>>> print(open('coords_24.csv').read())   # CSV, C-alpha atoms
chain,number,residue,atom,x,y,z
A,1,MET,CA,72.3,34.8,38.0
A,2,GLY,CA,69.3,35.5,40.3
A,3,ASP,CA,66.9,34.4,37.6
A,4,LYS,CA,65.6,31.0,38.6
A,5,ALA,CA,63.1,30.6,35.7
A,6,PRO,CA,63.2,27.1,34.3
A,7,ILE,CA,64.9,26.5,31.0
A,8,THR,CA,62.4,26.3,28.2
A,9,THR,CA,61.6,23.1,26.2
A,10,ARG,CA,60.4,22.5,22.7
A,11,ALA,CA,56.9,22.3,24.1
A,12,ASP,CA,57.0,26.0,25.0
A,13,TYR,CA,57.3,27.1,21.4
A,14,PRO,CA,54.6,27.1,18.7
A,15,ALA,CA,56.9,27.3,15.6
A,16,PHE,CA,60.3,26.0,14.7
A,17,TYR,CA,63.0,26.8,12.1
A,18,PRO,CA,65.9,24.4,11.3
A,19,LEU,CA,69.4,25.7,11.2
A,20,GLN,CA,72.9,24.1,10.6
A,21,THR,CA,76.0,25.1,12.4
A,22,ARG,CA,79.1,25.7,10.3
A,23,TRP,CA,82.8,24.9,10.8
A,24,MET,CA,83.6,28.6,11.2
A,25,ASP,CA,81.1,28.9,14.1
A,26,ASN,CA,83.5,27.1,16.5
A,27,ASP,CA,85.9,29.3,18.4
A,28,VAL,CA,89.3,28.5,19.8
A,29,TYR,CA,87.7,26.8,22.8
A,30,GLY,CA,86.0,24.3,20.5
A,31,HIS,CA,82.4,25.4,20.9
A,32,MET,CA,80.1,27.9,19.1
A,33,ASN,CA,81.1,31.5,19.7
A,34,ASN,CA,78.5,33.6,21.5
A,35,VAL,CA,78.0,36.0,18.6
A,36,VAL,CA,76.8,33.1,16.4
A,37,HIS,CA,73.7,32.7,18.7
A,38,TYR,CA,72.6,36.1,17.7
A,39,SER,CA,73.1,35.3,14.0
A,40,LEU,CA,71.0,32.2,14.4
A,41,PHE,CA,68.2,34.1,16.1
A,42,ASP,CA,68.2,36.6,13.2
A,43,THR,CA,68.3,33.9,10.6
A,44,ALA,CA,65.4,32.0,12.2
A,45,VAL,CA,63.1,34.9,12.5
A,46,ASN,CA,63.8,36.4,9.1
A,47,GLY,CA,63.7,33.0,7.5
A,48,TRP,CA,60.3,32.3,9.1
A,49,LEU,CA,59.0,35.7,7.8
A,50,ILE,CA,60.4,35.2,4.3
A,51,GLU,CA,59.0,31.7,4.0
A,52,ARG,CA,55.5,32.9,4.9
A,53,GLY,CA,55.6,35.9,2.4
A,54,LEU,CA,55.8,38.4,5.3
A,55,LEU,CA,59.1,39.9,4.3
A,56,ASP,CA,60.7,40.6,1.0
A,57,PRO,CA,64.1,42.0,2.1
A,58,ARG,CA,64.5,44.1,-1.1
A,59,ASN,CA,60.9,45.2,-1.7
A,60,SER,CA,58.8,45.2,1.4
A,61,GLU,CA,57.3,48.7,2.1
A,62,THR,CA,58.0,48.2,5.8
A,63,TYR,CA,60.5,45.9,7.6
A,64,GLY,CA,61.7,45.3,11.2
A,65,LEU,CA,64.9,46.8,12.5
A,66,VAL,CA,66.5,45.2,15.6
A,67,VAL,CA,66.6,47.7,18.5
A,68,GLU,CA,67.3,45.4,21.4
A,69,THR,CA,68.7,41.9,22.0
A,70,GLY,CA,69.6,39.5,24.8
A,71,CYS,CA,70.7,35.9,25.4
A,72,LYS,CA,71.1,33.4,28.2
A,73,TYR,CA,73.5,30.5,27.5
A,74,TYR,CA,72.9,27.1,29.2
A,75,SER,CA,75.1,24.5,27.4
A,76,GLU,CA,77.5,24.3,24.5
A,77,MET,CA,76.9,23.8,20.8
A,78,GLY,CA,79.3,23.6,17.9
A,79,PHE,CA,79.8,22.3,14.5
A,80,PRO,CA,78.5,19.8,13.3
A,81,ASP,CA,75.4,20.2,15.5
A,82,LYS,CA,72.1,20.7,13.9
A,83,VAL,CA,70.1,23.4,15.6
A,84,THR,CA,66.3,24.0,15.8
A,85,ALA,CA,65.1,27.4,16.7
A,86,GLY,CA,61.9,27.6,18.6
A,87,LEU,CA,60.0,30.9,17.9
A,88,ARG,CA,57.4,32.7,19.9
A,89,VAL,CA,56.1,36.3,20.3
A,90,ALA,CA,56.2,37.7,23.8
A,91,ARG,CA,54.8,41.2,23.0
A,92,LEU,CA,53.1,42.7,20.0
A,93,GLY,CA,52.7,46.5,19.9
A,94,SER,CA,51.5,48.8,17.2
A,95,SER,CA,54.9,49.1,15.5
A,96,SER,CA,57.1,46.7,17.5
A,97,ILE,CA,57.3,43.0,18.3
A,98,LYS,CA,59.4,41.1,20.8
A,99,TYR,CA,60.4,37.7,19.7
A,100,GLU,CA,61.7,35.0,22.0
A,101,VAL,CA,63.9,32.4,20.4
A,102,ALA,CA,65.3,29.2,21.9
A,103,LEU,CA,68.1,27.1,20.3
A,104,PHE,CA,67.9,23.4,20.7
A,105,ARG,CA,70.9,21.2,19.8
A,106,ASN,CA,70.2,18.1,17.7
A,107,ASP,CA,67.3,16.2,19.2
A,108,GLU,CA,67.5,17.7,22.7
A,109,THR,CA,64.3,18.9,24.2
A,110,THR,CA,65.8,21.5,26.6
A,111,ALA,CA,67.1,24.8,25.2
A,112,THR,CA,70.9,25.3,25.0
A,113,ALA,CA,70.3,29.1,24.7
A,114,GLU,CA,67.4,31.4,25.0
A,115,GLY,CA,67.3,34.8,23.6
A,116,PHE,CA,65.1,37.7,22.5
A,117,PHE,CA,65.1,40.5,20.1
A,118,VAL,CA,62.8,43.4,19.4
A,119,HIS,CA,61.9,44.6,15.9
A,120,VAL,CA,60.5,48.0,15.3
A,121,TYR,CA,58.8,48.2,12.0
A,122,VAL,CA,59.9,51.2,9.8
A,123,ASN,CA,58.9,52.6,6.5
A,124,ARG,CA,61.5,51.7,3.9
A,125,LYS,CA,61.6,55.3,2.5
A,126,THR,CA,61.4,57.4,5.7
A,127,HIS,CA,63.0,55.0,8.2
A,128,ARG,CA,60.3,56.1,10.6
A,129,PRO,CA,58.2,53.7,12.7
A,130,ALA,CA,55.3,52.3,10.9
A,131,PRO,CA,52.3,50.3,12.1
A,132,ILE,CA,52.5,46.5,11.7
A,133,GLU,CA,50.2,45.6,8.9
A,134,SER,CA,47.2,43.3,9.5
A,135,HIS,CA,48.6,40.3,7.5
A,136,ARG,CA,51.8,40.3,9.6
A,137,ARG,CA,49.8,40.9,12.8
A,138,VAL,CA,47.7,37.8,12.2
A,139,ALA,CA,50.8,35.7,11.6
A,140,PHE,CA,52.5,37.2,14.7
A,141,GLN,CA,49.4,36.4,16.9
A,142,SER,CA,49.8,32.7,15.9
A,143,LEU,CA,53.2,32.9,17.7
A,144,MET,CA,52.0,34.5,20.9
A,145,LYS,CA,53.0,32.7,24.1
A,146,ASP,CA,49.5,32.8,25.5
A,147,GLY,CA,47.9,31.8,22.3
A,148,ALA,CA,46.2,35.2,22.0
>>> encode(input="coords_24.csv", output="structure tokens")
Amino acid sequence: MGDKAPITTRADYPAFYPLQTRWMDNDVYGHMNNVVHYSLFDTAVNGWLIERGLLDPRNSETYGLVVETGCKYYSEMGFPDKVTAGLRVARLGSSSIKYEVALFRNDETTATAEGFFVHVYVNRKTHRPAPIESHRRVAFQSLMKDGA
């Protein structure tokens, strides 16, 4: 609770991915259960990758495995809200990438939740870390927070 960083807005993200909540996302308290946020993060990042031809889940020689995640919750969401995920890259290493994802409810400009997850790229056959290929690296650089 000591973190006083401002809540991000849509203007803080270079790319967006639309998502839809589902009836089953609501918990007994009438709002979206916290585990659903992580599913939305995963769906947004992998959907973005697939749409750009950067991931074929069944055939890509390398793919990202999630090795770390985190989330801060600011306000409630629930079905039937529409959600837009803002995407950006905080760090790009030789075989790893840290994504930052914000979830925006309906037309709101301030995030209802902010999270991150780290992918380590691995070879499909060996499951050992593999360098991020140049075509992916270029795409990831377009999502860098500082524009680099």
>>> closest_residue(input="coords_24.csv", among="A:Asn46, A:Gln141, A:Thr8, A:Thr112", to="Val83 in chain A", atoms="all atoms listed in the file")
A:Thr112
>>> closest_residue(input="coords_24.csv", among="A:Ser95, A:Met24, A:Arg124, A:Asp107", to="Asn59 in chain A", atoms="all atoms listed in the file")
A:Arg124
>>> atom_distance(input="coords_24.csv", atom1="CA of Leu40 in chain A", atom2="CA of Ala90 in chain A")
18.4 Å
>>> atom_distance(input="coords_24.csv", atom1="CA of Lys125 in chain A", atom2="CA of Glu68 in chain A")
22.1 Å
>>> closest_residue(input="coords_24.csv", among="A:Ile7, A:Ile50, A:Ile132, A:Ala139", to="Ala113 in chain A", atoms="only C-alpha atoms")
A:Ile7
>>> atom_distance(input="coords_24.csv", atom1="CA of Gly53 in chain A", atom2="CA of Ser134 in chain A")
13.3 Å
>>> residues_near_point(input="coords_24.csv", point="(56.6, 52.8, 12.4)", cutoff="8 Å", atoms="only C-alpha atoms", output="list in words")
Ser95, Ser96, Val120, Tyr121, Val122, Asn123, His127, Arg128, Pro129, Ala130, Pro131 and Ile132 of chain A
>>> closest_residue(input="coords_24.csv", among="A:Ala5, A:Leu143, A:Leu19, A:Leu54", to="Pro80 in chain A", atoms="only C-alpha atoms")
A:Leu19
>>> residues_around(input="coords_24.csv", residues="Ala11 in chain A", least_positions_apart="5", cutoff="10 Å", atoms="only C-alpha atoms", output="list in words")
Gly86, Thr109 and Thr110 of chain A
>>> closest_residue(input="coords_24.csv", among="A:Val138, A:Met32, A:Val66, A:Met144", to="Arg91 in chain A", atoms="all atoms listed in the file")
A:Met144
>>> residues_around(input="coords_24.csv", residues="Asp42 in chain A", least_positions_apart="5", cutoff="10 Å", atoms="all atoms listed in the file", output="list in words")
Val36, His37, Gly47, Trp48, Val66, Val101, Phe116 and Phe117 of chain A
>>> closest_residue(input="coords_24.csv", among="A:Phe104, A:Tyr38, A:Tyr99, A:Phe140", to="Arg52 in chain A", atoms="only C-alpha atoms")
A:Phe140
>>> residues_around(input="coords_24.csv", residues="Ser142 in chain A", least_positions_apart="3", cutoff="12 Å", atoms="only C-alpha atoms", output="list of chain:residue names")
A:Tyr13, A:Pro14, A:Ala15, A:Leu87, A:Arg88, A:Val89, A:Ala90, A:Leu92, A:His135, A:Arg136, A:Arg137, A:Val138, A:Ala139, A:Lys145, A:Asp146, A:Gly147, A:Ala148
>>> build_atoms(input="coords_24.csv", residues="range 81-92 of chain A", atoms="all heavy atoms", output="compact mmCIF listing (two decimals), in the frame of the given file")
# COMPACT_ATOMS: atom_id res chain seq x y z
N ASP A 81 76.79 20.27 14.99
CA ASP A 81 75.40 20.20 15.50
C ASP A 81 74.41 20.77 14.56
O ASP A 81 74.66 21.75 13.87
CB ASP A 81 75.32 20.97 16.85
CG ASP A 81 76.03 20.29 18.00
OD1 ASP A 81 76.12 19.04 17.99
OD2 ASP A 81 76.49 21.00 18.91
N LYS A 82 73.25 20.14 14.56
CA LYS A 82 72.10 20.70 13.90
C LYS A 82 71.32 21.45 14.99
O LYS A 82 71.25 21.00 16.12
CB LYS A 82 71.23 19.61 13.28
CG LYS A 82 71.88 18.96 12.08
CD LYS A 82 70.97 17.93 11.47
CE LYS A 82 71.47 17.25 10.24
NZ LYS A 82 72.81 17.34 9.85
N VAL A 83 70.76 22.58 14.63
CA VAL A 83 70.10 23.40 15.60
C VAL A 83 68.64 23.65 15.12
O VAL A 83 68.42 23.88 13.94
CB VAL A 83 70.79 24.77 15.78
CG1 VAL A 83 70.05 25.67 16.75
CG2 VAL A 83 72.22 24.54 16.25
N THR A 84 67.71 23.58 16.05
CA THR A 84 66.30 24.00 15.80
C THR A 84 66.02 25.17 16.63
O THR A 84 66.23 25.15 17.84
CB THR A 84 65.35 22.83 16.08
OG1 THR A 84 65.71 21.68 15.31
CG2 THR A 84 63.93 23.23 15.74
N ALA A 85 65.54 26.23 15.99
CA ALA A 85 65.10 27.40 16.70
C ALA A 85 63.65 27.37 16.99
O ALA A 85 62.85 27.19 16.08
CB ALA A 85 65.48 28.67 15.90
N GLY A 86 63.29 27.48 18.27
CA GLY A 86 61.90 27.60 18.60
C GLY A 86 61.56 29.10 18.63
O GLY A 86 62.34 29.94 19.11
N LEU A 87 60.40 29.46 18.05
CA LEU A 87 60.00 30.90 17.90
C LEU A 87 58.69 31.11 18.61
O LEU A 87 57.76 30.31 18.52
CB LEU A 87 59.83 31.21 16.43
CG LEU A 87 61.01 30.98 15.50
CD1 LEU A 87 60.60 31.18 14.06
CD2 LEU A 87 62.14 31.91 15.86
N ARG A 88 58.62 32.26 19.29
CA ARG A 88 57.40 32.70 19.90
C ARG A 88 57.41 34.24 20.00
O ARG A 88 58.48 34.84 19.94
CB ARG A 88 57.06 32.04 21.19
CG ARG A 88 58.01 32.36 22.30
CD ARG A 88 57.69 31.53 23.53
NE ARG A 88 58.57 31.89 24.64
CZ ARG A 88 58.67 31.21 25.75
NH1 ARG A 88 57.94 30.11 25.92
NH2 ARG A 88 59.48 31.60 26.72
N VAL A 89 56.24 34.83 20.19
CA VAL A 89 56.10 36.30 20.30
C VAL A 89 55.71 36.55 21.79
O VAL A 89 54.71 36.02 22.27
CB VAL A 89 55.11 36.87 19.35
CG1 VAL A 89 54.79 38.32 19.69
CG2 VAL A 89 55.65 36.76 17.93
N ALA A 90 56.50 37.37 22.46
CA ALA A 90 56.20 37.70 23.80
C ALA A 90 55.35 38.99 23.94
O ALA A 90 54.56 39.13 24.86
CB ALA A 90 57.52 37.94 24.62
N ARG A 91 55.54 39.91 22.98
CA ARG A 91 54.80 41.20 23.00
C ARG A 91 54.61 41.67 21.58
O ARG A 91 55.53 41.62 20.77
CB ARG A 91 55.55 42.20 23.83
CG ARG A 91 54.81 43.50 24.07
CD ARG A 91 55.56 44.47 24.97
NE ARG A 91 56.81 44.91 24.35
CZ ARG A 91 58.02 44.63 24.82
NH1 ARG A 91 58.17 43.91 25.89
NH2 ARG A 91 59.10 45.08 24.20
N LEU A 92 53.41 42.14 21.31
CA LEU A 92 53.10 42.70 20.00
C LEU A 92 52.47 44.05 20.17
O LEU A 92 51.36 44.19 20.70
CB LEU A 92 52.11 41.74 19.26
CG LEU A 92 51.68 42.11 17.86
CD1 LEU A 92 52.88 42.24 16.93
CD2 LEU A 92 50.70 41.07 17.32
